[in-house]
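The structure appears right after this line, and notes come after that.
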Amino acid sequence: MSVRQANRFGFGINQSRLINYDTSDRKVREYVTLREPSFMLCFACGGCSATCTAGEHISFNLRRMNTLIRRGEIDLLRDEVKRCMLCGKCMLVCPRGVNTRNVVAVTAEAIRKLDRNEL
Amino acid sequence: MEAAGSLAEMGHRVTLIEKGQDPGGHLLQWHALFPDRRPAEEVRGYLRKRLNHENISVITSTVVEKIRHHGHDVIVNLSGGTEERADAVIVATGFDLFDAHRKEEYGYGIYDNVITAAELEEMFNRGKVAKADGTLPSRVGFVHCVGSRDEKVSNNHCSKVCCVTAVKQAIEVRKMLPACEVFCFYMDMRMYGPYYEELYRESQEVHNINYIRGKVSEASVNISNRLVIKVEDTLAGRPLKMEVDLLVLMVGMEMSKQGAGLAVASGLETGINRFLETGDHHYGNNVSRMKGVFYAGTCTAPMNITDTISHARAAVTETVRYLNGR
Amino acid sequence: MSSEIFVWPFNLGLYFILIYSVVRSTVWFRNLSRPDKLRLQRGFFGIPFMQSIKEIFMESLLHRRIFKKNFVLGYMHMSLAFGWFLLIVFGTIEADFFGEKHLNPPSHAIFFRAFNPDHGAAGLARGFTHLMDFLLAFILSGLLLAVIKRFIPSMMGMKKTTKHTWSDRIALLSLWLIFPSRLLAESFTCGAYGSGGFLTGNLGGALASFLPAAEIAPWFWWLYSLALGTFFFLLPVTRYFHIPIELLLIFMRNSGITTGDKSSSYTEVQTHACSSCGVCIGVCQMSYAAGINDIQSAYFIKGLRSDRDIAAITANCLMCGRCEEACPVGIELGPMRLIERRQGERPDTAKRFLDRYSLTGRRSIIEREPTQSYGYLVREEAESADVLFFAGCMTHLTPSVITAMKKIMESAGVRYRFMDEQGGVCCGRPLMLAGRDREARELINHNSDIIWKSGAKILVTSCPICYKIFRESYYLEARVMHH
């Protein structure tokens with residue numbers, strides 16, 4: 001049931017943990033796909049996150065980021081996307097040839113635009 | 001070998017031209033075959049028996065350099081300068097294994113104890129799995145998809161059999177070295193054939209093999225000269241590193257070098273994956289565009305042994321149809 | 001006077017472009033920083049002045065740099081530029097020397113033949129007439145090459161020509177019409193009056209033999225005037241603005257003004273000095289190696305001028321510098337692209353056509369919020385060492401280099417430490433190349449701290465990207481060496 005319905009019954013405000021694909025926000029995903037079409041090729045092998053320079057120091061996980069974008073779970077990404085050093089090592093590993101570095105840059109841009117209601 | 005045997009039985013005269021010293025291709029190197037880990041020697045024995053027919057003559061240590069259609073015949077140019085005439089030709093040049101040196105980040109040829117799956121089979125044949133210095137490993141890692149599904153080495157295709165081979169070899173290692181931990185680092189578990197999935201289950205249930213979903217990005221060595229691999233445990237969502245004693249690279253299949261040379265010299269079409277392009281993917285999988293020339297086996301696509309033998313028999317059917325229709 | 005109405009398109013165009021160029025240049029001058037203003041003033045009244053004059057002669061008129069690239073291409077540009085220049089100079093001399101007054105408005109020189117149709121029968125006047133004809137022929141030969149180049153660029157050593165916008169095309173068409181219409185106008189007039197030099201006289205005679213030359217001539221004078229007027233009006237918003245602006249650029253550059261890190265008048269002047277010649281397209285690696293032909297510097301600058309969204313063009317450049325080396329105008333293409341990258345996102349404004357004449361260009365102040373932040377990096381404890389080896393992100397994927405370096409350092413017996421053995425932090429250059437200088441500075445500080453604390457005298461890199469930034473943007477006491 002939705003949060004609204006739950007509140008009517010006087011229950012707590014916890015959002016359901018379910019990813020509701022139909023109500024998820026597609027805007028960031030569409031923006032990223034438009035600006036970097038190779039984003040569509042990712043099959044979540046995790047090679048990028050394995051080799052990531054920033055991933056050694058802090059929770060920055062490119063594969064998870066890609067997956068979350070596709071599911072519309074943007075709230076979790078706002079801080080994470082700023083941690084990338086743009087070094088480009090992930091691009092050397094990607095077996096599908098995704099321009100991972102640009103995906104991060106474009107995602108950061110998309111989130112900024114989303115917060116300014118420009119998407 | 002299978003095709004030669006079938007054709008000979010039907011009364012045709014067959015010449016088999018083999019580039020090595022003995023026919024059999026990569027099967028000569030294997031120890032035991034999936035899914036039930038039966039000895040490879042049994043299949044080799046079966047094929048040798050097929051070849052043992054008065055209608056078959058075998059030429060070894062010779063490479064076929066060019067084939068062309070001429071009138072009713074197909075002319076075959078051999079290394080050494082000779083020519084053979086045939087009514088039909090079946091191309092069965094097989095595959096080459098991906099050269100693991102090309103994935104430099106795994107350290108093959110740079111670090112000791114990084115080996116390919118073929119080299120591990122050799123160890124099984126010799127009856128001992130050991131590190132370069134002779135000691136026994138306490139942890140073995142298998143890296144899936146080395147040279148397959150990888151745009152960076154221009155091999156976008158999946159080599160099909162490496163996943164089940166890894167499971168099979170993992171079980172072998174566990175059986176030989178009960179104290180050794182075994183890890184498989186995979187992107188997917190492609191257990192497509194009969195009893196393959198059951199083998200996977202057995203590997204987990206009986207042999208306690210560990211599976212980590214993630215593409216290994218690089219290998220290095222630490223101070224104690226042990227290999228350290230970096231991978232993302234995608235199911236846990238965090239990067240992971242671990243020390244292993246032995247790293248086995250599951251190298252994929254590529255078009256064989258001699259086969260590729262033959263294709264170029266003869267004008268035979270190859271696909272984007274560089275394997276031979278067949279007449280039709282569904283119902284013409286053994287025919288080429290050259291009259292009288294047919295394809296059998298892994299020169300067309302990665303296959304396991306069962307399917308290769310079936311493919312060879314299909315090639316025979318096409319050949320005989322062609323011969324009868326002339 | 002009714003016979004003089006046809007000069008008015010030309011007059012209006014000429015006065016417009018002169019006034020506009022002066023005003024716009026003044027605005028640019030006033031917007032220069034104070035040090036740059038002083039530089040330019042010194043440049044105008046000092047030794048650089050002669051240097052600039054020489055460069056204007058050698059490059060803007062003779063196009064020497066283009067000659068070096070390809071002879072035919074150089075001839076084409078030179079004949080149009082130098083030829084037209086000489087035509088104007090000698091035409092003015094002709095009008096002032098032979099005319100009624102000795103100081104005439106420009107239209108008298110340009111339309112001399114229209115006002116003095118039977119001039120040039122004998123003596124010096126005849127000599128002048130032949131000279132003017134020769135110069136016209138000179139220009140027309142170049143014009144023919146220009147037309148050919150549009151369709152077969154390879155004949156002039158150009159792999160690709162620049163794609164045009166519609167305003168470019170109209171300006172191009174009017175430019176191409178100027179000299180043929182002058183030729184025909186002069187020829188018809190000469191044909192009607194039996195005058196003219198070796199070109200106009202003979203052509204005119206031939207035409208007059210079967211056409212009513214005297215009636216037709218005024219049409220072509222009108223065409224000539226209109227072509228000139230249209231060309232002048234469109235000048236400021238097309239590639240041809242480089243004609244006046246390149247002069248300003250040369251003075252600025254020889255005065256010691258450089259592009260720097262932020263956009264300024266100088267970047268705007270450079271933007272308008274680009275002639276869209278297309279040399280940068282041919283030398284660009286993306287063009288000849290990857291067949292990508294829409295992101296080169298010529299298009300970048302075109303996009304800047306018309307205020308379009310050029311984010312994709314700005315980002316798609318390897319920053320190798322070949323275009324900058326090849327640019328005959330000497331525009332600092334690398335720094336300009338970096339400035340635009342630092343700019344970050346630009347609002348998408350679709351400029352109306354007339355807005356492009358505006359005197360206030362894009363004044364961009366580069367103060368955007370940081371896109372990345374590295375507060376999470378922990379200051380490491382640094383062990384001391386004499387030599388630090390920094391492999392860099394990429395070298396970790398080619399372990400043969402690491403193994404080799406370790407062996408070398410061990411055999412050399414130096415007290416070394418493999419600085420980023422456990423992964424380390426990126427040197428920061430990819431960030432800088434993406435225009436994120438402030439963010440890069442955080443990474444630079446982190447790494448500098450480690451290097452400084454270790455007390456190392458030498459830093460060895462195995463990646464050329466790292467090498468460049470350690471040398472240029474880190475302020476290290478240690479010596480930086482490449483493996």
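The way I read the labels, and the way they are meant: chains A, B, ... in the order of the structure tokens, residue 1 as the first residue of every chain, and ligand 1 as the first ligand shown, with later ones counted on from there.
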
Any idea which chain A residues end up within 9 Å of chain B if we count only C-alpha atoms, as a PDB file with C-alpha atoms, in the first residue's frame please?
ATOM      1  CA  PHE A  43      25.405  -5.721 -18.087  1.00  0.00           C
ATOM      2  CA  ALA A  44      26.540  -5.146 -14.508  1.00  0.00           C
ATOM      3  CA  CYS A  45      29.649  -7.309 -14.568  1.00  0.00           C
ATOM      4  CA  GLY A  46      31.305  -5.135 -11.914  1.00  0.00           C
ATOM      5  CA  GLY A  47      34.679  -4.806 -13.651  1.00  0.00           C
ATOM      6  CA  CYS A  48      34.496  -1.031 -13.363  1.00  0.00           C
ATOM      7  CA  SER A  49      33.804  -1.051  -9.627  1.00  0.00           C
ATOM      8  CA  ALA A  50      36.523  -3.629  -9.107  1.00  0.00           C
ATOM      9  CA  THR A  51      39.185  -1.440 -10.621  1.00  0.00           C
ATOM     10  CA  CYS A  52      37.858   1.932  -9.466  1.00  0.00           C
ATOM     11  CA  GLY A  55      36.351   2.681  -4.733  1.00  0.00           C
ATOM     12  CA  GLU A  56      39.427   1.865  -2.681  1.00  0.00           C
ATOM     13  CA  SER A  59      31.810   3.695  -1.098  1.00  0.00           C
ATOM     14  CA  PHE A  60      31.664   4.618  -4.770  1.00  0.00           C
ATOM     15  CA  ASN A  61      30.278   1.847  -6.867  1.00  0.00           C
ATOM     16  CA  ARG A  63      27.922  -0.663 -11.300  1.00  0.00           C
ATOM     17  CA  ARG A  64      25.496  -0.072  -8.493  1.00  0.00           C
ATOM     18  CA  LEU A  92      39.831   0.482 -19.830  1.00  0.00           C
ATOM     19  CA  VAL A  93      38.235  -2.511 -18.171  1.00  0.00           C
ATOM     20  CA  CYS A  94      34.649  -2.392 -19.409  1.00  0.00           C
ATOM     21  CA  PRO A  95      34.034  -5.431 -21.648  1.00  0.00           C
ATOM     22  CA  ARG A  96      31.059  -3.836 -23.332  1.00  0.00           C
ATOM     23  CA  GLY A  97      32.759  -0.580 -24.194  1.00  0.00           C
TER      24      GLY A  97
END

Would you give me, as a compact mmCIF listing (two decimals) with C-alpha atoms, in the first residue's frame, the residues of chain C that come within 8 Å of chain B, using only C-alpha atoms?
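After the write, selection23.txt holds the following:
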# COMPACT_ATOMS: atom_id res chain seq x y z
CA HIS C 396 48.00 -1.01 -12.68
CA LEU C 397 46.39 -2.58 -15.74
CA THR C 398 49.78 -3.23 -17.37
CA PRO C 399 51.62 -5.07 -14.61
CA SER C 400 54.65 -5.84 -16.80
CA THR C 403 57.30 -5.64 -12.35

Contact check, chain C to chain A, at most 6 Å, counting only C-alpha atoms, closest pairs as a Markdown table:
| residue | atom | partner | partner_atom | distance |
| --- | --- | --- | --- | --- |
| C:Gln372 | CA | A:Lys82 | CA | 4.1 |
| C:Ser373 | CA | A:Lys82 | CA | 5.7 |
| C:Pro430 | CA | A:Cys87 | CA | 5.6 |
| C:Leu431 | CA | A:Leu86 | CA | 5.9 |

Inset, instruction - Quick one: everything within 10 Å of Cys466 of chain C, counting only C-alpha atoms, minus sequence neighbours fewer than 4 positions away in the same chain. Send it as a PyMOL selection string. - result: chain C and resi 390-394+426-430+460-462+470-471+482

Please save C-alpha atoms of the selected residues as a short mmCIF file (atom, residue, chain, number, x, y, z; two decimals), in the first residue's frame.
data_model
loop_
_atom_site.label_atom_id
_atom_site.label_comp_id
_atom_site.auth_asym_id
_atom_site.auth_seq_id
_atom_site.Cartn_x
_atom_site.Cartn_y
_atom_site.Cartn_z
CA PHE C 390 53.97 6.56 -8.81
CA ALA C 391 52.46 4.04 -11.20
CA GLY C 392 49.21 5.85 -11.76
CA CYS C 393 45.76 4.45 -12.43
CA MET C 394 46.46 3.00 -15.86
CA CYS C 426 44.61 9.70 -9.25
CA CYS C 427 47.18 12.35 -10.23
CA GLY C 428 44.37 14.70 -11.16
CA ARG C 429 45.12 15.46 -14.78
CA PRO C 430 41.96 13.87 -16.22
CA VAL C 460 59.27 8.42 -11.03
CA THR C 461 56.17 8.15 -13.16
CA SER C 462 55.25 5.49 -15.70
CA PHE C 470 53.44 16.37 -11.77
CA ARG C 471 55.79 18.58 -13.73
CA HIS C 482 59.57 9.57 -16.43
#

Legend entry - Residue neighbourhood segment 7-23 of chain B, 12 Å, only C-alpha atoms, exclusion window fewer than 4 positions, as JSON, numbers by chain: {"B": [1, 2, 3, 27, 28, 29, 44, 45, 47, 48, 50, 51, 52, 53, 54, 55, 56, 57, 58, 59, 60, 61, 62, 63, 64, 65, 76, 77, 78, 79, 80, 83, 84, 85, 86, 87, 88, 89, 90, 91, 92, 93, 94, 256, 257, 258, 259, 312, 313, 314, 315, 316, 317, 318, 319, 320, 321, 323, 324]}

Inset, instruction - Find the residues near Gly229 of chain C: any atom within 8 Å, counting only C-alpha atoms, skip ones fewer than 6 places away on the same chain, and give them as number ranges by chain. - result: C: 9-14

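The interatomic distance for the pair atom CA of Val264 of chain B and atom CA of Gly284 of chain B works out to 21.2 Å.
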
Inset, instruction - Identify all residues of segment 7-218 of chain C in helix (DSSP H, G or I) (DSSP on the backbone) and supply them as number ranges by chain. - result: C: 7-30, 34-45, 47-61, 64-69, 71-98, 106-110, 112-115, 123-151, 153-156, 166-193, 200-208, 213-218

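Close contacts of Asp118 of chain C, defined as residues with an atom at most 12 Å away when counting only C-alpha atoms, with chain neighbours fewer than 6 positions off set aside, comprise Phe112, Ala125, Arg126, Thr129, Glu186, Ser187, Phe188, Thr189, Cys190, Gly191, Ala192, Tyr193, Gly194, Ser195, Gly196, Gly197 and Gly201 of chain C.
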
Selection export as an mmCIF file, in the first residue's frame, atoms kept: N, CA and C atoms:
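The resulting file, again21.cif, is reproduced below:
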data_model
loop_
_atom_site.group_PDB
_atom_site.id
_atom_site.type_symbol
_atom_site.label_atom_id
_atom_site.label_comp_id
_atom_site.auth_asym_id
_atom_site.auth_seq_id
_atom_site.Cartn_x
_atom_site.Cartn_y
_atom_site.Cartn_z
ATOM 1 N N PHE C 112 34.636 53.389 -60.198
ATOM 2 C CA PHE C 112 35.327 54.346 -61.064
ATOM 3 C C PHE C 112 34.898 54.230 -62.516
ATOM 4 N N ALA C 125 47.064 56.651 -67.854
ATOM 5 C CA ALA C 125 45.708 56.201 -67.567
ATOM 6 C C ALA C 125 45.480 54.808 -68.133
ATOM 7 N N ARG C 126 46.038 54.608 -69.359
ATOM 8 C CA ARG C 126 45.861 53.296 -69.981
ATOM 9 C C ARG C 126 46.600 52.232 -69.181
ATOM 10 N N THR C 129 44.599 51.317 -66.322
ATOM 11 C CA THR C 129 43.463 50.474 -66.693
ATOM 12 C C THR C 129 43.901 49.022 -66.832
ATOM 13 N N GLU C 186 31.974 46.346 -65.589
ATOM 14 C CA GLU C 186 33.017 47.120 -66.265
ATOM 15 C C GLU C 186 33.047 46.786 -67.745
ATOM 16 N N SER C 187 32.901 45.494 -68.033
ATOM 17 C CA SER C 187 32.993 45.087 -69.437
ATOM 18 C C SER C 187 31.864 45.682 -70.247
ATOM 19 N N PHE C 188 30.651 45.622 -69.723
ATOM 20 C CA PHE C 188 29.537 46.184 -70.490
ATOM 21 C C PHE C 188 29.728 47.672 -70.699
ATOM 22 N N THR C 189 30.163 48.349 -69.638
ATOM 23 C CA THR C 189 30.385 49.801 -69.770
ATOM 24 C C THR C 189 31.469 50.085 -70.814
ATOM 25 N N CYS C 190 32.556 49.331 -70.709
ATOM 26 C CA CYS C 190 33.647 49.530 -71.669
ATOM 27 C C CYS C 190 33.199 49.183 -73.075
ATOM 28 N N GLY C 191 32.387 48.151 -73.161
ATOM 29 C CA GLY C 191 31.905 47.774 -74.480
ATOM 30 C C GLY C 191 31.080 48.879 -75.093
ATOM 31 N N ALA C 192 30.259 49.500 -74.239
ATOM 32 C CA ALA C 192 29.392 50.567 -74.762
ATOM 33 C C ALA C 192 30.202 51.784 -75.180
ATOM 34 N N TYR C 193 31.341 52.025 -74.482
ATOM 35 C CA TYR C 193 32.099 53.238 -74.767
ATOM 36 C C TYR C 193 33.379 52.964 -75.528
ATOM 37 N N GLY C 194 33.678 51.719 -75.792
ATOM 38 C CA GLY C 194 34.891 51.393 -76.536
ATOM 39 C C GLY C 194 36.150 51.616 -75.723
ATOM 40 N N SER C 195 36.053 51.469 -74.423
ATOM 41 C CA SER C 195 37.258 51.698 -73.612
ATOM 42 C C SER C 195 37.630 50.406 -72.920
ATOM 43 N N GLY C 196 38.511 50.495 -71.926
ATOM 44 C CA GLY C 196 38.805 49.313 -71.120
ATOM 45 C C GLY C 196 40.165 48.728 -71.398
ATOM 46 N N GLY C 197 40.634 47.865 -70.532
ATOM 47 C CA GLY C 197 41.963 47.258 -70.632
ATOM 48 C C GLY C 197 41.907 45.918 -71.358
ATOM 49 N N GLY C 201 38.200 45.466 -71.737
ATOM 50 C CA GLY C 201 37.995 46.010 -73.078
ATOM 51 C C GLY C 201 37.596 44.934 -74.065
#

Inset, instruction - Can you work out the spacing between atom CA of Arg274 of chain B and atom CA of Val161 of chain B in Å, to one decimal? - result: 18.0 Å

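For Thr107 of chain A, the residues within 9 Å (counting only C-alpha atoms, excluding itself and residues fewer than 6 positions away along the chain) are A:Val28, A:Arg29, A:Tyr31, A:Val32, A:Ile69, A:Val81.
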
Selection to disk with C-alpha atoms, as a PDB file, in the first residue's frame:
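Result file again34.pdb:
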ATOM      1  CA  VAL A  28      17.641  10.850 -15.049  1.00  0.00           C
ATOM      2  CA  ARG A  29      17.812   7.564 -16.877  1.00  0.00           C
ATOM      3  CA  TYR A  31      18.817  12.079 -19.823  1.00  0.00           C
ATOM      4  CA  VAL A  32      21.846   9.869 -19.310  1.00  0.00           C
ATOM      5  CA  ILE A  69      19.764   4.990 -12.288  1.00  0.00           C
ATOM      6  CA  VAL A  81      28.279  10.622  -7.831  1.00  0.00           C
TER       7      VAL A  81
END

Inset, instruction - Could you please determine the separation between atom CA of His63 of chain C and atom CA of Ile245 of chain C in Å, to one decimal place? - result: 15.5 Å
